[in-house]
Amino acid sequence: MRLVLVGPPGAGKGTQAEIIAERLGVPKISTGDIFRANVSGGTSLGLEAKRYMDAGDLVPDEVTNRMVADRLEQDDALDGFLLDGYPRNTEQAEVLDGLLLAAGVSLDVALELTVDDDEVVRRLSGRRVSKSTGKVYHLEFDPPEDPESDDLYQRSDDQPETIKNRLKVYAEQTAPIIGYYGARDKLVQIDAIGEVAEVTARALSAIGADK
Ligand code: AP5
Ligand code: ZN
């Protein structure tokens, strides 16, 4: 299955992507994770992306589109993938469609996770990530064993002012892709409020992968 996950910051895209991709047996491709790996590795891509990410703005399309095109060429990813955090504006959605068309394939589903802004702020302000394993926790909803551990860090874009800008960028630049996929009959929407397992069950059922 070829699937993209759409939803505001903190909707639980990364959390669900991990589980759903494993269930479908396809690679999970998260543009945010690839950018963050480049930032911590100090690559030129990371240096370029960092200032946009820290501000909560989108990294320029030419950088992001090239990075995704390169990744989709690996691991037979065009046969099946789950994209988390891409596309993030109509131009990226068009580029992805063009790339798939050129390869003779097409997208199956754009799965939208819906949550309200208050829940976004709750989820992002309590998020903590393990330096050693990369596992994502939440201080209240999925607490780590030792919340004071030095192994945990907070993402640099999870500060209140940056969260506010990320929500604004989502509304202005990303939300239009919901109409884009709706018009092409690719859109499936689910309520992403509730326990992680409940949301997964809704997602799998909505995309017909629960059998
Ligand atoms: P990216 O990493 O994609 O960030 P985002 O879209 O803002 O989403 P998040 O990762 O913050 O949230 P999520 O939906 O994955 O939620 P999660 O599962 O972690 O992008 C970061 C930056 O990179 C962008 O701002 C941009 O600069 C750049 N970028 C990336 N892609 C780009 C693109 N295509 N074009 C241009 N620039 C791009 O969950 C959040 C928290 O909630 C966690 O603590 C989790 O434990 C908890 N949680 C999850 N599910 C539940 C639940 N059901 N109930 C309670 N808590 C839950
Ligand atoms: Zn994420």
# chains A, B, ... in the order shown; residues from 1 in each chain; ligands from 1
>>> residues_near_ligand(ligand="ligand 2", cutoff="7 Å", atoms="only C-alpha atoms and all ligand atoms", output="list in words")
Gly10, Gly12, Lys13, Gly14, Gly32 and Gly85 of chain A
>>> closest_atom_pairs(of="chain A", to="ligand 1", cutoff="6 Å", atoms="only C-alpha atoms and all ligand atoms", output="tab-separated table")
residue	atom	partner	partner_atom_place_in_ligand_line	distance
A:Pro8	CA	ligand 1	6 (O)	5.9
A:Pro9	CA	ligand 1	7 (O)	3.4
A:Gly10	CA	ligand 1	12 (O)	3.4
A:Ala11	CA	ligand 1	14 (O)	3.9
A:Gly12	CA	ligand 1	18 (O)	3.2
A:Lys13	CA	ligand 1	14 (O)	3.7
A:Gly14	CA	ligand 1	15 (O)	3.6
A:Thr15	CA	ligand 1	18 (O)	3.7
A:Thr31	CA	ligand 1	31 (N)	4.4
A:Gly32	CA	ligand 1	2 (O)	3.5
A:Asp33	CA	ligand 1	2 (O)	5.9
A:Tyr52	CA	ligand 1	27 (O)	5.1
A:Met53	CA	ligand 1	27 (O)	3.5
A:Gly56	CA	ligand 1	25 (O)	4.4
A:Asp57	CA	ligand 1	27 (O)	4.8
A:Leu58	CA	ligand 1	37 (N)	3.7
A:Val59	CA	ligand 1	37 (N)	3.9
A:Thr64	CA	ligand 1	35 (N)	5.6
A:Gly85	CA	ligand 1	3 (O)	4.3
A:Tyr86	CA	ligand 1	34 (N)	3.9
A:Pro87	CA	ligand 1	34 (N)	4.9
A:Arg88	CA	ligand 1	34 (N)	4.7
A:Arg123	CA	ligand 1	42 (O)	4.1
A:Leu124	CA	ligand 1	41 (C)	5.2
A:Gly126	CA	ligand 1	44 (O)	5.9
A:Arg127	CA	ligand 1	44 (O)	3.5
A:Val136	CA	ligand 1	46 (O)	5.5
A:Tyr137	CA	ligand 1	46 (O)	4.4
A:His138	CA	ligand 1	44 (O)	3.9
A:Phe141	CA	ligand 1	55 (C)	5.1
A:Asp142	CA	ligand 1	46 (O)	5.7
A:Ile193	CA	ligand 1	53 (N)	5.7
A:Gly194	CA	ligand 1	53 (N)	5.0
A:Glu195	CA	ligand 1	53 (N)	4.5
A:Val196	CA	ligand 1	53 (N)	3.8
>>> select_by_dssp(residues="region 84-191 of chain A", states="alpha helix (DSSP H)", output="number ranges by chain")
A: 90-102, 117-125, 160-169, 176-183
>>> residues_around(residues="Ala93 (chain A)", least_positions_apart="5", cutoff="10 Å", atoms="only C-alpha atoms", output="list in words")
Val4, Asn65, Tyr86, Pro87, Arg88, Gly98, Leu99, Thr174, Ile177, Tyr180 and Tyr181 of chain A
>>> atom_distance(atom1="CA of Glu161 (chain A)", atom2="CA of Val129 (chain A)")
19.7 Å
>>> closest_residue(among="A:Ala103, A:Leu152, A:Val121, A:Val115", to="Thr133 (chain A)", atoms="only C-alpha atoms")
A:Leu152
>>> closest_residue(among="A:Gln74, A:Asn38, A:Thr90, A:Thr114", to="Gly179 (chain A)", atoms="only C-alpha atoms")
A:Thr90
>>> atom_distance(atom1="CA of Thr162 (chain A)", atom2="CA of Val39 (chain A)")
17.6 Å
>>> residues_around(residues="Ile190 (chain A)", least_positions_apart="5", cutoff="9 Å", atoms="only C-alpha atoms", output="PyMOL selection string")
chain A and resi 111-114+199+202-203+206
>>> select_by_dssp(residues="region 62-167 of chain A", states="strand (DSSP E or B)", output="list in words")
Phe81, Leu82, Leu83, Asp84, Val109, Ala110, Leu111, Glu112, Leu113, Thr114, Arg127, Arg128, Val129, Ser130, Val136, Tyr137, His138, Asp142, Leu152 and Tyr153 of chain A
>>> write_last_selection(atoms="N, CA, C and O atoms", output="mmCIF file, in the first residue's frame")
data_model
loop_
_atom_site.group_PDB
_atom_site.id
_atom_site.type_symbol
_atom_site.label_atom_id
_atom_site.label_comp_id
_atom_site.auth_asym_id
_atom_site.auth_seq_id
_atom_site.Cartn_x
_atom_site.Cartn_y
_atom_site.Cartn_z
ATOM 1 N N PHE A 81 4.821 2.271 0.682
ATOM 2 C CA PHE A 81 5.480 3.159 1.649
ATOM 3 C C PHE A 81 4.437 3.837 2.504
ATOM 4 O O PHE A 81 3.247 3.884 2.152
ATOM 5 N N LEU A 82 4.902 4.332 3.625
ATOM 6 C CA LEU A 82 4.063 5.190 4.447
ATOM 7 C C LEU A 82 4.845 6.479 4.675
ATOM 8 O O LEU A 82 5.903 6.452 5.317
ATOM 9 N N LEU A 83 4.376 7.559 4.117
ATOM 10 C CA LEU A 83 5.053 8.840 4.283
ATOM 11 C C LEU A 83 4.444 9.591 5.468
ATOM 12 O O LEU A 83 3.229 9.769 5.536
ATOM 13 N N ASP A 84 5.311 10.027 6.388
ATOM 14 C CA ASP A 84 4.872 10.788 7.567
ATOM 15 C C ASP A 84 5.455 12.195 7.470
ATOM 16 O O ASP A 84 6.662 12.358 7.526
ATOM 17 N N VAL A 109 -3.903 5.974 -0.518
ATOM 18 C CA VAL A 109 -4.684 6.700 0.492
ATOM 19 C C VAL A 109 -3.901 7.855 1.102
ATOM 20 O O VAL A 109 -2.706 7.729 1.371
ATOM 21 N N ALA A 110 -4.609 8.951 1.358
ATOM 22 C CA ALA A 110 -4.093 10.005 2.245
ATOM 23 C C ALA A 110 -4.928 9.923 3.511
ATOM 24 O O ALA A 110 -6.133 10.179 3.483
ATOM 25 N N LEU A 111 -4.296 9.522 4.591
ATOM 26 C CA LEU A 111 -5.012 9.329 5.855
ATOM 27 C C LEU A 111 -4.811 10.563 6.727
ATOM 28 O O LEU A 111 -3.693 10.882 7.118
ATOM 29 N N GLU A 112 -5.908 11.253 7.025
ATOM 30 C CA GLU A 112 -5.821 12.453 7.863
ATOM 31 C C GLU A 112 -6.159 12.119 9.316
ATOM 32 O O GLU A 112 -7.206 11.522 9.596
ATOM 33 N N LEU A 113 -5.277 12.510 10.228
ATOM 34 C CA LEU A 113 -5.538 12.365 11.662
ATOM 35 C C LEU A 113 -6.037 13.718 12.167
ATOM 36 O O LEU A 113 -5.310 14.705 12.086
ATOM 37 N N THR A 114 -7.263 13.767 12.677
ATOM 38 C CA THR A 114 -7.773 15.055 13.144
ATOM 39 C C THR A 114 -7.688 15.161 14.673
ATOM 40 O O THR A 114 -8.040 14.227 15.388
ATOM 41 N N ARG A 127 5.831 16.021 25.259
ATOM 42 C CA ARG A 127 6.638 15.026 24.523
ATOM 43 C C ARG A 127 8.091 15.031 25.009
ATOM 44 O O ARG A 127 8.688 16.087 25.176
ATOM 45 N N ARG A 128 8.650 13.865 25.182
ATOM 46 C CA ARG A 128 10.068 13.708 25.488
ATOM 47 C C ARG A 128 10.586 12.562 24.618
ATOM 48 O O ARG A 128 9.858 11.608 24.354
ATOM 49 N N VAL A 129 11.848 12.678 24.179
ATOM 50 C CA VAL A 129 12.422 11.676 23.279
ATOM 51 C C VAL A 129 13.682 11.109 23.920
ATOM 52 O O VAL A 129 14.454 11.850 24.542
ATOM 53 N N SER A 130 13.890 9.811 23.792
ATOM 54 C CA SER A 130 15.100 9.182 24.324
ATOM 55 C C SER A 130 16.255 9.384 23.354
ATOM 56 O O SER A 130 16.131 9.063 22.169
ATOM 57 N N VAL A 136 9.742 7.839 21.457
ATOM 58 C CA VAL A 136 9.005 9.051 21.806
ATOM 59 C C VAL A 136 8.045 8.744 22.954
ATOM 60 O O VAL A 136 7.261 7.796 22.880
ATOM 61 N N TYR A 137 8.151 9.533 24.025
ATOM 62 C CA TYR A 137 7.273 9.364 25.191
ATOM 63 C C TYR A 137 6.380 10.581 25.358
ATOM 64 O O TYR A 137 6.559 11.602 24.688
ATOM 65 N N HIS A 138 5.452 10.485 26.299
ATOM 66 C CA HIS A 138 4.701 11.649 26.748
ATOM 67 C C HIS A 138 4.642 11.592 28.262
ATOM 68 O O HIS A 138 4.329 10.540 28.825
ATOM 69 N N ASP A 142 2.197 8.617 28.072
ATOM 70 C CA ASP A 142 3.036 7.435 27.834
ATOM 71 C C ASP A 142 4.353 7.681 28.562
ATOM 72 O O ASP A 142 5.402 7.895 27.943
ATOM 73 N N LEU A 152 16.642 11.770 28.322
ATOM 74 C CA LEU A 152 15.460 12.340 27.657
ATOM 75 C C LEU A 152 15.719 13.782 27.240
ATOM 76 O O LEU A 152 16.380 14.538 27.950
ATOM 77 N N TYR A 153 15.210 14.142 26.078
ATOM 78 C CA TYR A 153 15.292 15.557 25.692
ATOM 79 C C TYR A 153 13.961 16.006 25.096
ATOM 80 O O TYR A 153 13.119 15.186 24.729
#
>>> closest_residue(among="A:Ala175, A:Met1, A:Val188, A:Ala102", to="Asn89 (chain A)", atoms="only C-alpha atoms")
A:Ala175
>>> closest_residue(among="A:Asp210, A:Glu62, A:Asp70, A:Asp116", to="Leu24 (chain A)", atoms="only C-alpha atoms")
A:Asp210
>>> closest_residue(among="A:Asp108, A:Asp158, A:Glu73, A:Glu91", to="Leu187 (chain A)", atoms="only C-alpha atoms")
A:Asp108
>>> atom_distance(atom1="CA of Ser149 (chain A)", atom2="CA of Ala17 (chain A)")
26.1 Å
>>> closest_residue(among="A:Ile207, A:Ala192, A:Leu78, A:Ile163", to="Arg2 (chain A)", atoms="only C-alpha atoms")
A:Leu78
>>> decode(residues="region 61-204 of chain A", atoms="C-alpha atoms", output="PDB file, in the first residue's frame")
ATOM      1  CA  ASP A  61      10.403  22.528  -1.372  1.00  0.00           C
ATOM      2  CA  GLU A  62      13.396  21.952  -3.638  1.00  0.00           C
ATOM      3  CA  VAL A  63      15.400  20.562  -0.703  1.00  0.00           C
ATOM      4  CA  THR A  64      12.538  18.444   0.647  1.00  0.00           C
ATOM      5  CA  ASN A  65      11.314  17.105  -2.699  1.00  0.00           C
ATOM      6  CA  ARG A  66      14.805  15.978  -3.720  1.00  0.00           C
ATOM      7  CA  MET A  67      15.328  14.270  -0.378  1.00  0.00           C
ATOM      8  CA  VAL A  68      12.037  12.344  -0.672  1.00  0.00           C
ATOM      9  CA  ALA A  69      12.665  11.394  -4.306  1.00  0.00           C
ATOM     10  CA  ASP A  70      16.069   9.969  -3.300  1.00  0.00           C
ATOM     11  CA  ARG A  71      14.549   8.031  -0.413  1.00  0.00           C
ATOM     12  CA  LEU A  72      11.741   6.574  -2.532  1.00  0.00           C
ATOM     13  CA  GLU A  73      14.349   5.145  -4.888  1.00  0.00           C
ATOM     14  CA  GLN A  74      15.761   2.986  -2.090  1.00  0.00           C
ATOM     15  CA  ASP A  75      14.476  -0.330  -0.669  1.00  0.00           C
ATOM     16  CA  ASP A  76      11.876  -0.782  -3.416  1.00  0.00           C
ATOM     17  CA  ALA A  77       9.957   1.914  -1.562  1.00  0.00           C
ATOM     18  CA  LEU A  78       7.833   2.741  -4.595  1.00  0.00           C
ATOM     19  CA  ASP A  79       6.187  -0.686  -4.197  1.00  0.00           C
ATOM     20  CA  GLY A  80       4.743   0.402  -0.867  1.00  0.00           C
ATOM     21  CA  PHE A  81       5.480   3.159   1.649  1.00  0.00           C
ATOM     22  CA  LEU A  82       4.063   5.190   4.447  1.00  0.00           C
ATOM     23  CA  LEU A  83       5.053   8.840   4.283  1.00  0.00           C
ATOM     24  CA  ASP A  84       4.872  10.788   7.567  1.00  0.00           C
ATOM     25  CA  GLY A  85       5.060  14.576   7.249  1.00  0.00           C
ATOM     26  CA  TYR A  86       5.205  14.727   3.461  1.00  0.00           C
ATOM     27  CA  PRO A  87       3.614  16.203   1.408  1.00  0.00           C
ATOM     28  CA  ARG A  88       3.067  19.359   3.403  1.00  0.00           C
ATOM     29  CA  ASN A  89       1.775  21.745   0.764  1.00  0.00           C
ATOM     30  CA  THR A  90       0.031  21.452  -2.593  1.00  0.00           C
ATOM     31  CA  GLU A  91       3.283  21.835  -4.547  1.00  0.00           C
ATOM     32  CA  GLN A  92       4.790  18.840  -2.718  1.00  0.00           C
ATOM     33  CA  ALA A  93       1.610  16.827  -3.331  1.00  0.00           C
ATOM     34  CA  GLU A  94       1.888  17.572  -7.056  1.00  0.00           C
ATOM     35  CA  VAL A  95       5.560  16.626  -7.122  1.00  0.00           C
ATOM     36  CA  LEU A  96       4.792  13.326  -5.368  1.00  0.00           C
ATOM     37  CA  ASP A  97       1.991  12.540  -7.816  1.00  0.00           C
ATOM     38  CA  GLY A  98       4.333  13.303 -10.724  1.00  0.00           C
ATOM     39  CA  LEU A  99       7.045  11.080  -9.321  1.00  0.00           C
ATOM     40  CA  LEU A 100       4.628   8.184  -8.801  1.00  0.00           C
ATOM     41  CA  LEU A 101       3.114   8.659 -12.248  1.00  0.00           C
ATOM     42  CA  ALA A 102       6.575   8.547 -13.831  1.00  0.00           C
ATOM     43  CA  ALA A 103       7.152   5.238 -12.034  1.00  0.00           C
ATOM     44  CA  GLY A 104       3.798   3.865 -13.256  1.00  0.00           C
ATOM     45  CA  VAL A 105       2.240   3.696  -9.786  1.00  0.00           C
ATOM     46  CA  SER A 106      -0.109   5.841  -7.732  1.00  0.00           C
ATOM     47  CA  LEU A 107      -1.000   6.741  -4.195  1.00  0.00           C
ATOM     48  CA  ASP A 108      -3.676   4.610  -2.497  1.00  0.00           C
ATOM     49  CA  VAL A 109      -4.684   6.700   0.492  1.00  0.00           C
ATOM     50  CA  ALA A 110      -4.093  10.005   2.245  1.00  0.00           C
ATOM     51  CA  LEU A 111      -5.012   9.329   5.855  1.00  0.00           C
ATOM     52  CA  GLU A 112      -5.821  12.453   7.863  1.00  0.00           C
ATOM     53  CA  LEU A 113      -5.538  12.365  11.662  1.00  0.00           C
ATOM     54  CA  THR A 114      -7.773  15.055  13.144  1.00  0.00           C
ATOM     55  CA  VAL A 115      -7.167  16.633  16.572  1.00  0.00           C
ATOM     56  CA  ASP A 116      -7.981  20.044  18.031  1.00  0.00           C
ATOM     57  CA  ASP A 117      -5.366  22.705  18.869  1.00  0.00           C
ATOM     58  CA  ASP A 118      -5.649  22.263  22.657  1.00  0.00           C
ATOM     59  CA  GLU A 119      -4.785  18.582  22.322  1.00  0.00           C
ATOM     60  CA  VAL A 120      -1.852  19.483  20.036  1.00  0.00           C
ATOM     61  CA  VAL A 121      -0.437  21.783  22.703  1.00  0.00           C
ATOM     62  CA  ARG A 122      -0.947  19.125  25.414  1.00  0.00           C
ATOM     63  CA  ARG A 123       0.746  16.439  23.348  1.00  0.00           C
ATOM     64  CA  LEU A 124       3.696  18.545  22.183  1.00  0.00           C
ATOM     65  CA  SER A 125       4.478  20.194  25.506  1.00  0.00           C
ATOM     66  CA  GLY A 126       4.638  16.786  27.237  1.00  0.00           C
ATOM     67  CA  ARG A 127       6.638  15.026  24.523  1.00  0.00           C
ATOM     68  CA  ARG A 128      10.068  13.708  25.488  1.00  0.00           C
ATOM     69  CA  VAL A 129      12.422  11.676  23.279  1.00  0.00           C
ATOM     70  CA  SER A 130      15.100   9.182  24.324  1.00  0.00           C
ATOM     71  CA  LYS A 131      18.572  10.124  23.045  1.00  0.00           C
ATOM     72  CA  SER A 132      19.732   6.516  23.072  1.00  0.00           C
ATOM     73  CA  THR A 133      16.749   4.739  21.476  1.00  0.00           C
ATOM     74  CA  GLY A 134      14.831   7.537  19.718  1.00  0.00           C
ATOM     75  CA  LYS A 135      11.637   6.340  21.405  1.00  0.00           C
ATOM     76  CA  VAL A 136       9.005   9.051  21.806  1.00  0.00           C
ATOM     77  CA  TYR A 137       7.273   9.364  25.191  1.00  0.00           C
ATOM     78  CA  HIS A 138       4.701  11.649  26.748  1.00  0.00           C
ATOM     79  CA  LEU A 139       5.083  12.717  30.370  1.00  0.00           C
ATOM     80  CA  GLU A 140       1.406  12.073  31.060  1.00  0.00           C
ATOM     81  CA  PHE A 141       0.058   9.780  28.317  1.00  0.00           C
ATOM     82  CA  ASP A 142       3.036   7.435  27.834  1.00  0.00           C
ATOM     83  CA  PRO A 143       5.449   8.205  30.677  1.00  0.00           C
ATOM     84  CA  PRO A 144       9.094   7.117  30.582  1.00  0.00           C
ATOM     85  CA  GLU A 145      10.345   5.070  33.537  1.00  0.00           C
ATOM     86  CA  ASP A 146      12.456   7.971  34.844  1.00  0.00           C
ATOM     87  CA  PRO A 147      11.070  11.353  33.705  1.00  0.00           C
ATOM     88  CA  GLU A 148      14.199  13.085  35.112  1.00  0.00           C
ATOM     89  CA  SER A 149      16.653  10.887  33.170  1.00  0.00           C
ATOM     90  CA  ASP A 150      19.471  12.679  31.279  1.00  0.00           C
ATOM     91  CA  ASP A 151      18.681  10.393  28.380  1.00  0.00           C
ATOM     92  CA  LEU A 152      15.460  12.340  27.657  1.00  0.00           C
ATOM     93  CA  TYR A 153      15.292  15.557  25.692  1.00  0.00           C
ATOM     94  CA  GLN A 154      12.629  17.915  24.436  1.00  0.00           C
ATOM     95  CA  ARG A 155      12.533  18.700  20.701  1.00  0.00           C
ATOM     96  CA  SER A 156      13.788  22.246  20.018  1.00  0.00           C
ATOM     97  CA  ASP A 157      10.563  23.015  18.109  1.00  0.00           C
ATOM     98  CA  ASP A 158       8.327  21.989  21.025  1.00  0.00           C
ATOM     99  CA  GLN A 159       8.499  25.427  22.686  1.00  0.00           C
ATOM    100  CA  PRO A 160       5.188  27.326  23.038  1.00  0.00           C
ATOM    101  CA  GLU A 161       6.027  30.074  20.498  1.00  0.00           C
ATOM    102  CA  THR A 162       7.252  27.572  17.916  1.00  0.00           C
ATOM    103  CA  ILE A 163       4.223  25.336  18.425  1.00  0.00           C
ATOM    104  CA  LYS A 164       2.027  28.366  17.714  1.00  0.00           C
ATOM    105  CA  ASN A 165       3.848  29.031  14.448  1.00  0.00           C
ATOM    106  CA  ARG A 166       3.744  25.357  13.429  1.00  0.00           C
ATOM    107  CA  LEU A 167      -0.043  25.384  13.877  1.00  0.00           C
ATOM    108  CA  LYS A 168      -0.279  28.536  11.758  1.00  0.00           C
ATOM    109  CA  VAL A 169       1.933  27.030   9.044  1.00  0.00           C
ATOM    110  CA  TYR A 170      -0.232  23.891   9.112  1.00  0.00           C
ATOM    111  CA  ALA A 171      -3.466  25.863   8.692  1.00  0.00           C
ATOM    112  CA  GLU A 172      -2.106  28.086   5.933  1.00  0.00           C
ATOM    113  CA  GLN A 173       0.152  25.780   3.940  1.00  0.00           C
ATOM    114  CA  THR A 174      -0.628  22.153   4.759  1.00  0.00           C
ATOM    115  CA  ALA A 175      -4.403  22.056   5.286  1.00  0.00           C
ATOM    116  CA  PRO A 176      -5.038  22.779   1.559  1.00  0.00           C
ATOM    117  CA  ILE A 177      -3.718  19.306   0.682  1.00  0.00           C
ATOM    118  CA  ILE A 178      -6.786  17.837   2.389  1.00  0.00           C
ATOM    119  CA  GLY A 179      -8.915  19.367  -0.357  1.00  0.00           C
ATOM    120  CA  TYR A 180      -6.352  18.268  -2.931  1.00  0.00           C
ATOM    121  CA  TYR A 181      -6.682  14.601  -1.906  1.00  0.00           C
ATOM    122  CA  GLY A 182     -10.426  14.896  -1.330  1.00  0.00           C
ATOM    123  CA  ALA A 183     -10.897  16.057  -4.919  1.00  0.00           C
ATOM    124  CA  ARG A 184      -8.913  13.030  -6.108  1.00  0.00           C
ATOM    125  CA  ASP A 185     -10.894  10.578  -3.980  1.00  0.00           C
ATOM    126  CA  LYS A 186      -7.867   9.586  -1.923  1.00  0.00           C
ATOM    127  CA  LEU A 187      -8.830  11.112   1.404  1.00  0.00           C
ATOM    128  CA  VAL A 188      -9.735   9.097   4.501  1.00  0.00           C
ATOM    129  CA  GLN A 189     -10.225  10.984   7.778  1.00  0.00           C
ATOM    130  CA  ILE A 190     -10.177   9.626  11.325  1.00  0.00           C
ATOM    131  CA  ASP A 191     -10.560  11.120  14.771  1.00  0.00           C
ATOM    132  CA  ALA A 192      -7.111  10.898  16.403  1.00  0.00           C
ATOM    133  CA  ILE A 193      -8.294  11.603  19.963  1.00  0.00           C
ATOM    134  CA  GLY A 194      -8.207   8.615  22.304  1.00  0.00           C
ATOM    135  CA  GLU A 195      -5.743   5.927  23.312  1.00  0.00           C
ATOM    136  CA  VAL A 196      -2.964   5.138  20.828  1.00  0.00           C
ATOM    137  CA  ALA A 197      -4.352   1.618  20.274  1.00  0.00           C
ATOM    138  CA  GLU A 198      -7.853   2.954  19.654  1.00  0.00           C
ATOM    139  CA  VAL A 199      -6.559   5.394  17.050  1.00  0.00           C
ATOM    140  CA  THR A 200      -4.556   2.601  15.374  1.00  0.00           C
ATOM    141  CA  ALA A 201      -7.671   0.428  15.194  1.00  0.00           C
ATOM    142  CA  ARG A 202      -9.646   3.284  13.617  1.00  0.00           C
ATOM    143  CA  ALA A 203      -6.850   3.907  11.122  1.00  0.00           C
ATOM    144  CA  LEU A 204      -6.467   0.269  10.068  1.00  0.00           C
TER     145      LEU A 204
END
